[in-house]
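Here's run.cif, which has mmCIF, C-alpha atoms:
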data_model
#
loop_
_atom_site.label_atom_id
_atom_site.label_comp_id
_atom_site.auth_asym_id
_atom_site.auth_seq_id
_atom_site.Cartn_x
_atom_site.Cartn_y
_atom_site.Cartn_z
CA MET A 1 66.72 37.18 -58.03
CA ILE A 2 64.22 35.12 -60.00
CA LEU A 3 63.24 33.14 -56.92
CA LYS A 4 62.32 36.17 -54.80
CA PRO A 5 59.14 37.18 -56.71
CA TYR A 6 58.09 33.54 -56.91
CA PHE A 7 58.70 33.05 -53.19
CA PHE A 8 56.74 36.23 -52.39
CA GLN A 9 53.78 35.06 -54.51
CA LEU A 10 53.85 31.61 -52.93
CA SER A 11 54.06 32.95 -49.38
CA THR A 12 51.21 35.41 -50.09
CA PHE A 13 49.08 32.60 -51.49
CA LEU A 14 49.77 30.37 -48.47
CA SER A 15 48.98 33.20 -46.05
CA LEU A 16 45.67 33.94 -47.76
CA SER A 17 44.85 30.22 -47.83
CA LEU A 18 45.43 29.94 -44.10
CA LEU A 19 43.17 32.93 -43.47
CA ILE A 20 40.38 31.36 -45.51
CA VAL A 21 40.74 27.97 -43.84
CA GLY A 22 40.82 29.55 -40.38
CA CYS A 23 37.36 31.09 -40.69
CA SER A 24 34.74 29.59 -38.42
CA THR A 25 31.01 29.43 -38.95
CA SER A 26 28.28 28.91 -36.43
CA GLY A 27 24.61 28.20 -36.73
CA ASN A 28 21.62 26.85 -34.90
CA GLY A 29 18.62 24.66 -35.31
CA THR A 30 15.73 23.14 -33.44
CA GLY A 31 14.83 19.86 -31.85
CA ARG A 32 11.68 18.17 -30.61
CA VAL A 33 12.23 16.17 -27.44
CA THR A 34 10.20 13.08 -26.57
CA ASP A 35 10.45 10.81 -23.54
CA PRO A 36 11.37 7.09 -23.87
CA VAL A 37 7.76 6.14 -24.74
CA GLY A 38 7.29 8.96 -27.28
CA ARG A 39 5.44 11.62 -25.28
CA PRO A 40 6.38 15.23 -26.16
CA MET A 41 8.64 16.99 -23.65
CA GLY A 42 9.24 20.31 -25.41
CA ALA A 43 11.69 22.00 -27.71
CA ALA A 44 15.48 21.71 -27.74
CA ARG A 45 17.98 24.23 -29.03
CA VAL A 46 20.79 22.96 -31.27
CA THR A 47 23.91 25.01 -32.02
CA TYR A 48 27.12 24.25 -33.89
CA GLU A 49 30.45 25.86 -34.68
CA THR A 50 32.74 24.66 -37.45
CA ASP A 51 35.94 25.82 -39.13
CA GLY A 52 34.78 24.49 -42.50
CA GLY A 53 36.40 21.08 -42.03
CA SER A 54 34.79 17.72 -41.45
CA THR A 55 34.29 18.26 -37.71
CA ALA A 56 32.14 20.65 -35.72
CA LYS A 57 31.39 21.46 -32.10
CA LEU A 58 27.77 20.54 -31.45
CA ALA A 59 25.58 21.51 -28.49
CA VAL A 60 22.03 20.38 -27.69
CA THR A 61 20.15 22.18 -24.90
CA LEU A 62 17.12 20.30 -23.61
CA PRO A 63 13.95 21.91 -22.15
CA ASP A 64 15.04 21.12 -18.58
CA GLY A 65 18.28 23.09 -19.11
CA GLU A 66 20.66 20.14 -19.48
CA VAL A 67 23.29 20.84 -22.12
CA PHE A 68 25.04 18.14 -24.16
CA THR A 69 28.24 19.13 -26.00
CA GLY A 70 30.81 17.34 -28.11
CA SER A 71 32.19 16.82 -31.59
CA ALA A 72 30.22 15.97 -34.71
CA VAL A 73 32.04 14.37 -37.65
CA SER A 74 31.00 14.32 -41.31
CA LEU A 75 31.77 10.84 -42.60
CA ALA A 76 33.60 10.28 -45.86
CA THR A 77 34.71 7.29 -47.89
CA ASN A 78 37.93 7.15 -49.89
CA THR A 79 37.59 6.87 -53.64
CA ASP A 80 40.40 5.51 -55.81
CA PRO A 81 42.90 5.62 -52.94
CA HIS A 82 45.89 4.56 -55.08
CA VAL A 83 45.40 6.75 -58.14
CA GLY A 84 48.26 9.17 -58.64
CA PHE A 85 50.50 10.94 -61.10
CA LEU A 86 54.21 11.40 -61.56
CA LEU A 87 55.94 14.76 -61.98
CA ALA A 88 59.16 14.27 -63.93
CA LYS A 89 61.08 15.84 -66.79
CA SER A 90 64.03 13.47 -67.10
CA LYS A 91 64.40 10.33 -69.22
CA GLN A 92 64.82 8.26 -66.06
CA GLN A 93 61.38 9.44 -64.89
CA SER A 94 62.68 10.39 -61.48
CA GLY A 95 60.42 12.84 -59.80
CA LEU A 96 57.67 13.25 -57.30
CA MET A 97 54.80 10.75 -57.07
CA ILE A 98 51.58 12.25 -55.78
CA ASP A 99 48.67 10.10 -54.58
CA THR A 100 45.45 11.88 -55.46
CA GLY A 101 43.02 9.53 -53.83
CA GLY A 102 39.88 11.48 -53.18
CA LYS A 103 37.07 11.48 -50.67
CA GLN A 104 33.41 11.24 -51.33
CA TRP A 105 31.22 12.60 -48.57
CA SER A 106 28.51 10.16 -47.57
CA GLY A 107 26.26 12.84 -46.12
CA ALA A 108 26.22 11.16 -42.70
CA ILE A 109 27.16 13.07 -39.54
CA GLU A 110 27.79 11.20 -36.29
CA ALA A 111 28.27 12.73 -32.85
CA VAL A 112 28.78 11.66 -29.25
CA LEU A 113 27.89 14.39 -26.79
CA PHE A 114 28.42 14.63 -23.04
CA GLY A 115 25.79 16.14 -20.75
CA SER A 116 26.17 18.65 -17.97
CA SER A 117 24.47 16.16 -15.59
CA GLY A 118 26.75 13.25 -16.52
CA GLY A 119 24.69 11.60 -19.26
CA THR A 120 25.66 10.99 -22.87
CA MET A 121 23.92 11.47 -26.20
CA GLN A 122 24.49 9.82 -29.57
CA CYS A 123 23.42 11.64 -32.72
CA SER A 124 22.99 10.40 -36.28
CA LEU A 125 22.25 13.11 -38.80
CA VAL A 126 22.08 13.30 -42.60
CA GLU A 127 23.35 16.36 -44.47
CA LYS A 128 20.72 18.21 -46.50
CA ARG A 129 23.45 19.15 -48.98
CA PRO A 130 26.13 16.40 -48.90
CA GLY A 131 29.68 17.64 -48.64
CA LEU A 132 28.79 20.86 -46.82
CA GLY A 133 28.50 19.42 -43.32
CA LEU A 134 26.30 21.20 -40.81
CA GLU A 135 26.73 24.44 -42.75
CA GLY A 136 24.48 23.02 -45.48
CA GLY A 137 21.89 21.87 -42.94
CA ALA A 138 21.19 18.44 -41.48
CA VAL A 139 18.30 16.40 -40.10
CA GLY A 140 18.21 13.31 -37.91
CA SER A 141 17.92 12.29 -34.31
CA CYS A 142 19.83 12.13 -31.07
CA ARG A 143 19.23 9.69 -28.23
CA ALA A 144 20.20 10.54 -24.66
CA SER A 145 21.44 7.81 -22.33
CA ASP A 146 18.22 8.17 -20.26
CA GLY A 147 16.09 7.31 -23.32
CA ARG A 148 14.97 10.77 -24.40
CA VAL A 149 14.94 11.23 -28.18
CA ILE A 150 15.51 14.52 -29.97
CA ALA A 151 14.40 15.02 -33.60
CA VAL A 152 16.98 17.50 -34.92
CA ASP A 153 16.74 19.97 -37.81
CA VAL A 154 19.74 22.27 -38.29
#
What is this structure when it is put down as structure tokens?
Amino acid sequence: MILKPYFFQLSTFLSLSLLIVGCSTSGNGTGRVTDPVGRPMGAARVTYETDGGSTAKLAVTLPDGEVFTGSAVSLATNTDPHVGFLLAKSKQQSGLMIDTGGKQWSGAIEAVLFGSSGGTMQCSLVEKRPGLGLEGGAVGSCRASDGRVIAVDV
């Protein structure tokens, strides 16, 4: 009988946690497109959709209508990867060892996008608010395989 209320509370907590994690966010930004020698070619539209994790779907639409889509990843480095603690109550110290190595977000976002006309695009962005991914805003540039460069501000 004692386990039932605890199990109900735990299952409720897990269900609410999954609902929170499952939320997606989308946003947009702008881009200035230049040709391979730096002449202006117009404005680009940048959109993203993320579920709050370290990856997002990114799309860049160029002035000529070509759309590049793919995944953007917020880069992180591990900090103290072997730090942990031991949960135990017995004299033999048997229990559960938990590794609590953390991550420190570098603020860098990298993406490889694929174009509707067969080209590719590589993007290197920097988060405006490190640790928040594209949701906190980002600036940087993307370079299409044909040499066009897009200055991005999300």
> Please, what distance in Å, to one decimal, runs between atom CA of A:Arg129 and atom CA of A:Cys23?
Replying inline: 20.1 Å
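In this structure, atom CA of A:Asp146 sits 26.7 Å away from atom CA of A:Gly27.
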> Applied to the shown file, which residues does the PyMOL selection byres ((chain A and resi 121) around 12) return, written as number ranges by chain?
Replying inline: A: 58-62, 66-72, 110-120, 122-124, 141-150
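Taken over the whole file, the PyMOL selection byres ((chain A and resi 131) around 12) covers exactly Gly52, Gly53, Ser54, Thr55, Val73, Ser74, Leu75, Ala76, Thr77, Lys103, Gln104, Trp105, Ser106, Gly107, Ala108, Ile109, Val126, Glu127, Lys128, Arg129, Pro130, Leu132, Gly133, Leu134, Glu135, Gly136, Gly137 and Ala138 of chain A.
The two atoms in question, atom CA of A:Val154 and atom CA of A:Ser24, are spaced 16.7 Å apart.
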I'd like to see the residues matched by the PyMOL selection byres ((chain A and resi 25) around 6) on this file, and ideally I'd get them as a JSON list (two decimals) with C-alpha atoms, in the frame of the given file.
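Written file, selection_11.json:
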[["chain", "number", "residue", "atom", "x", "y", "z"],
["A", 24, "SER", "CA", 34.74, 29.59, -38.42],
["A", 26, "SER", "CA", 28.28, 28.91, -36.43],
["A", 49, "GLU", "CA", 30.45, 25.86, -34.68],
["A", 50, "THR", "CA", 32.74, 24.66, -37.45]]
Assuming the input is short of atoms at stretch 43-76 of chain A, produce N, CA and C atoms for that part as a PDB file, in the frame of the given file.
ATOM      1  N   ALA A  43      10.750  21.667 -26.647  1.00  0.00           N
ATOM      2  CA  ALA A  43      11.690  22.000 -27.710  1.00  0.00           C
ATOM      3  C   ALA A  43      13.125  22.029 -27.191  1.00  0.00           C
ATOM      4  N   ALA A  44      14.047  21.626 -28.047  1.00  0.00           N
ATOM      5  CA  ALA A  44      15.480  21.710 -27.740  1.00  0.00           C
ATOM      6  C   ALA A  44      16.102  22.752 -28.654  1.00  0.00           C
ATOM      7  N   ARG A  45      17.212  23.296 -28.210  1.00  0.00           N
ATOM      8  CA  ARG A  45      17.980  24.230 -29.030  1.00  0.00           C
ATOM      9  C   ARG A  45      19.267  23.542 -29.443  1.00  0.00           C
ATOM     10  N   VAL A  46      19.590  23.602 -30.726  1.00  0.00           N
ATOM     11  CA  VAL A  46      20.790  22.960 -31.270  1.00  0.00           C
ATOM     12  C   VAL A  46      21.677  24.041 -31.852  1.00  0.00           C
ATOM     13  N   THR A  47      22.950  24.063 -31.461  1.00  0.00           N
ATOM     14  CA  THR A  47      23.910  25.010 -32.020  1.00  0.00           C
ATOM     15  C   THR A  47      25.158  24.269 -32.460  1.00  0.00           C
ATOM     16  N   TYR A  48      25.856  24.848 -33.438  1.00  0.00           N
ATOM     17  CA  TYR A  48      27.120  24.250 -33.890  1.00  0.00           C
ATOM     18  C   TYR A  48      28.098  25.352 -34.243  1.00  0.00           C
ATOM     19  N   GLU A  49      29.375  24.975 -34.229  1.00  0.00           N
ATOM     20  CA  GLU A  49      30.450  25.860 -34.680  1.00  0.00           C
ATOM     21  C   GLU A  49      31.448  24.997 -35.427  1.00  0.00           C
ATOM     22  N   THR A  50      31.813  25.429 -36.625  1.00  0.00           N
ATOM     23  CA  THR A  50      32.740  24.660 -37.450  1.00  0.00           C
ATOM     24  C   THR A  50      33.754  25.586 -38.097  1.00  0.00           C
ATOM     25  N   ASP A  51      34.922  25.048 -38.417  1.00  0.00           N
ATOM     26  CA  ASP A  51      35.940  25.820 -39.130  1.00  0.00           C
ATOM     27  C   ASP A  51      35.941  25.479 -40.607  1.00  0.00           C
ATOM     28  N   GLY A  52      34.877  24.845 -41.084  1.00  0.00           N
ATOM     29  CA  GLY A  52      34.780  24.490 -42.500  1.00  0.00           C
ATOM     30  C   GLY A  52      35.334  23.120 -42.812  1.00  0.00           C
ATOM     31  N   GLY A  53      35.868  22.424 -41.817  1.00  0.00           N
ATOM     32  CA  GLY A  53      36.400  21.080 -42.030  1.00  0.00           C
ATOM     33  C   GLY A  53      35.322  20.034 -41.837  1.00  0.00           C
ATOM     34  N   SER A  54      35.747  18.821 -41.591  1.00  0.00           N
ATOM     35  CA  SER A  54      34.790  17.720 -41.450  1.00  0.00           C
ATOM     36  C   SER A  54      34.312  17.521 -40.022  1.00  0.00           C
ATOM     37  N   THR A  55      34.765  18.368 -39.085  1.00  0.00           N
ATOM     38  CA  THR A  55      34.290  18.260 -37.710  1.00  0.00           C
ATOM     39  C   THR A  55      33.665  19.575 -37.261  1.00  0.00           C
ATOM     40  N   ALA A  56      32.797  19.469 -36.284  1.00  0.00           N
ATOM     41  CA  ALA A  56      32.140  20.650 -35.720  1.00  0.00           C
ATOM     42  C   ALA A  56      31.918  20.434 -34.247  1.00  0.00           C
ATOM     43  N   LYS A  57      31.812  21.523 -33.501  1.00  0.00           N
ATOM     44  CA  LYS A  57      31.390  21.460 -32.100  1.00  0.00           C
ATOM     45  C   LYS A  57      29.870  21.546 -32.117  1.00  0.00           C
ATOM     46  N   LEU A  58      29.227  20.614 -31.456  1.00  0.00           N
ATOM     47  CA  LEU A  58      27.770  20.540 -31.450  1.00  0.00           C
ATOM     48  C   LEU A  58      27.274  20.643 -30.021  1.00  0.00           C
ATOM     49  N   ALA A  59      26.194  21.384 -29.808  1.00  0.00           N
ATOM     50  CA  ALA A  59      25.580  21.510 -28.490  1.00  0.00           C
ATOM     51  C   ALA A  59      24.073  21.367 -28.621  1.00  0.00           C
ATOM     52  N   VAL A  60      23.481  20.566 -27.734  1.00  0.00           N
ATOM     53  CA  VAL A  60      22.030  20.380 -27.690  1.00  0.00           C
ATOM     54  C   VAL A  60      21.578  20.750 -26.280  1.00  0.00           C
ATOM     55  N   THR A  61      20.692  21.753 -26.190  1.00  0.00           N
ATOM     56  CA  THR A  61      20.150  22.180 -24.900  1.00  0.00           C
ATOM     57  C   THR A  61      18.713  21.706 -24.802  1.00  0.00           C
ATOM     58  N   LEU A  62      18.441  20.883 -23.797  1.00  0.00           N
ATOM     59  CA  LEU A  62      17.120  20.300 -23.610  1.00  0.00           C
ATOM     60  C   LEU A  62      16.213  21.246 -22.816  1.00  0.00           C
ATOM     61  N   PRO A  63      14.884  21.010 -22.845  1.00  0.00           N
ATOM     62  CA  PRO A  63      13.950  21.910 -22.150  1.00  0.00           C
ATOM     63  C   PRO A  63      14.210  22.061 -20.657  1.00  0.00           C
ATOM     64  N   ASP A  64      14.779  21.024 -20.022  1.00  0.00           N
ATOM     65  CA  ASP A  64      15.040  21.120 -18.580  1.00  0.00           C
ATOM     66  C   ASP A  64      16.354  21.835 -18.267  1.00  0.00           C
ATOM     67  N   GLY A  65      17.051  22.332 -19.312  1.00  0.00           N
ATOM     68  CA  GLY A  65      18.280  23.090 -19.110  1.00  0.00           C
ATOM     69  C   GLY A  65      19.547  22.272 -19.247  1.00  0.00           C
ATOM     70  N   GLU A  66      19.457  20.958 -19.316  1.00  0.00           N
ATOM     71  CA  GLU A  66      20.660  20.140 -19.480  1.00  0.00           C
ATOM     72  C   GLU A  66      21.260  20.390 -20.857  1.00  0.00           C
ATOM     73  N   VAL A  67      22.585  20.549 -20.889  1.00  0.00           N
ATOM     74  CA  VAL A  67      23.290  20.840 -22.120  1.00  0.00           C
ATOM     75  C   VAL A  67      24.229  19.679 -22.450  1.00  0.00           C
ATOM     76  N   PHE A  68      24.148  19.180 -23.657  1.00  0.00           N
ATOM     77  CA  PHE A  68      25.040  18.140 -24.160  1.00  0.00           C
ATOM     78  C   PHE A  68      25.957  18.770 -25.194  1.00  0.00           C
ATOM     79  N   THR A  69      27.268  18.561 -25.062  1.00  0.00           N
ATOM     80  CA  THR A  69      28.240  19.130 -26.000  1.00  0.00           C
ATOM     81  C   THR A  69      29.231  18.063 -26.430  1.00  0.00           C
ATOM     82  N   GLY A  70      29.798  18.251 -27.611  1.00  0.00           N
ATOM     83  CA  GLY A  70      30.810  17.340 -28.110  1.00  0.00           C
ATOM     84  C   GLY A  70      31.104  17.617 -29.574  1.00  0.00           C
ATOM     85  N   SER A  71      31.781  16.672 -30.201  1.00  0.00           N
ATOM     86  CA  SER A  71      32.190  16.820 -31.590  1.00  0.00           C
ATOM     87  C   SER A  71      31.278  16.024 -32.510  1.00  0.00           C
ATOM     88  N   ALA A  72      30.961  16.638 -33.642  1.00  0.00           N
ATOM     89  CA  ALA A  72      30.220  15.970 -34.710  1.00  0.00           C
ATOM     90  C   ALA A  72      31.176  15.815 -35.891  1.00  0.00           C
ATOM     91  N   VAL A  73      31.123  14.670 -36.558  1.00  0.00           N
ATOM     92  CA  VAL A  73      32.040  14.370 -37.650  1.00  0.00           C
ATOM     93  C   VAL A  73      31.249  14.014 -38.893  1.00  0.00           C
ATOM     94  N   SER A  74      31.569  14.687 -40.010  1.00  0.00           N
ATOM     95  CA  SER A  74      31.000  14.320 -41.310  1.00  0.00           C
ATOM     96  C   SER A  74      31.793  13.129 -41.829  1.00  0.00           C
ATOM     97  N   LEU A  75      31.097  12.062 -42.168  1.00  0.00           N
ATOM     98  CA  LEU A  75      31.770  10.840 -42.600  1.00  0.00           C
ATOM     99  C   LEU A  75      32.049  10.870 -44.095  1.00  0.00           C
ATOM    100  N   ALA A  76      33.206  10.331 -44.466  1.00  0.00           N
ATOM    101  CA  ALA A  76      33.600  10.280 -45.860  1.00  0.00           C
ATOM    102  C   ALA A  76      34.150   8.901 -46.177  1.00  0.00           C
TER     103      ALA A  76
END
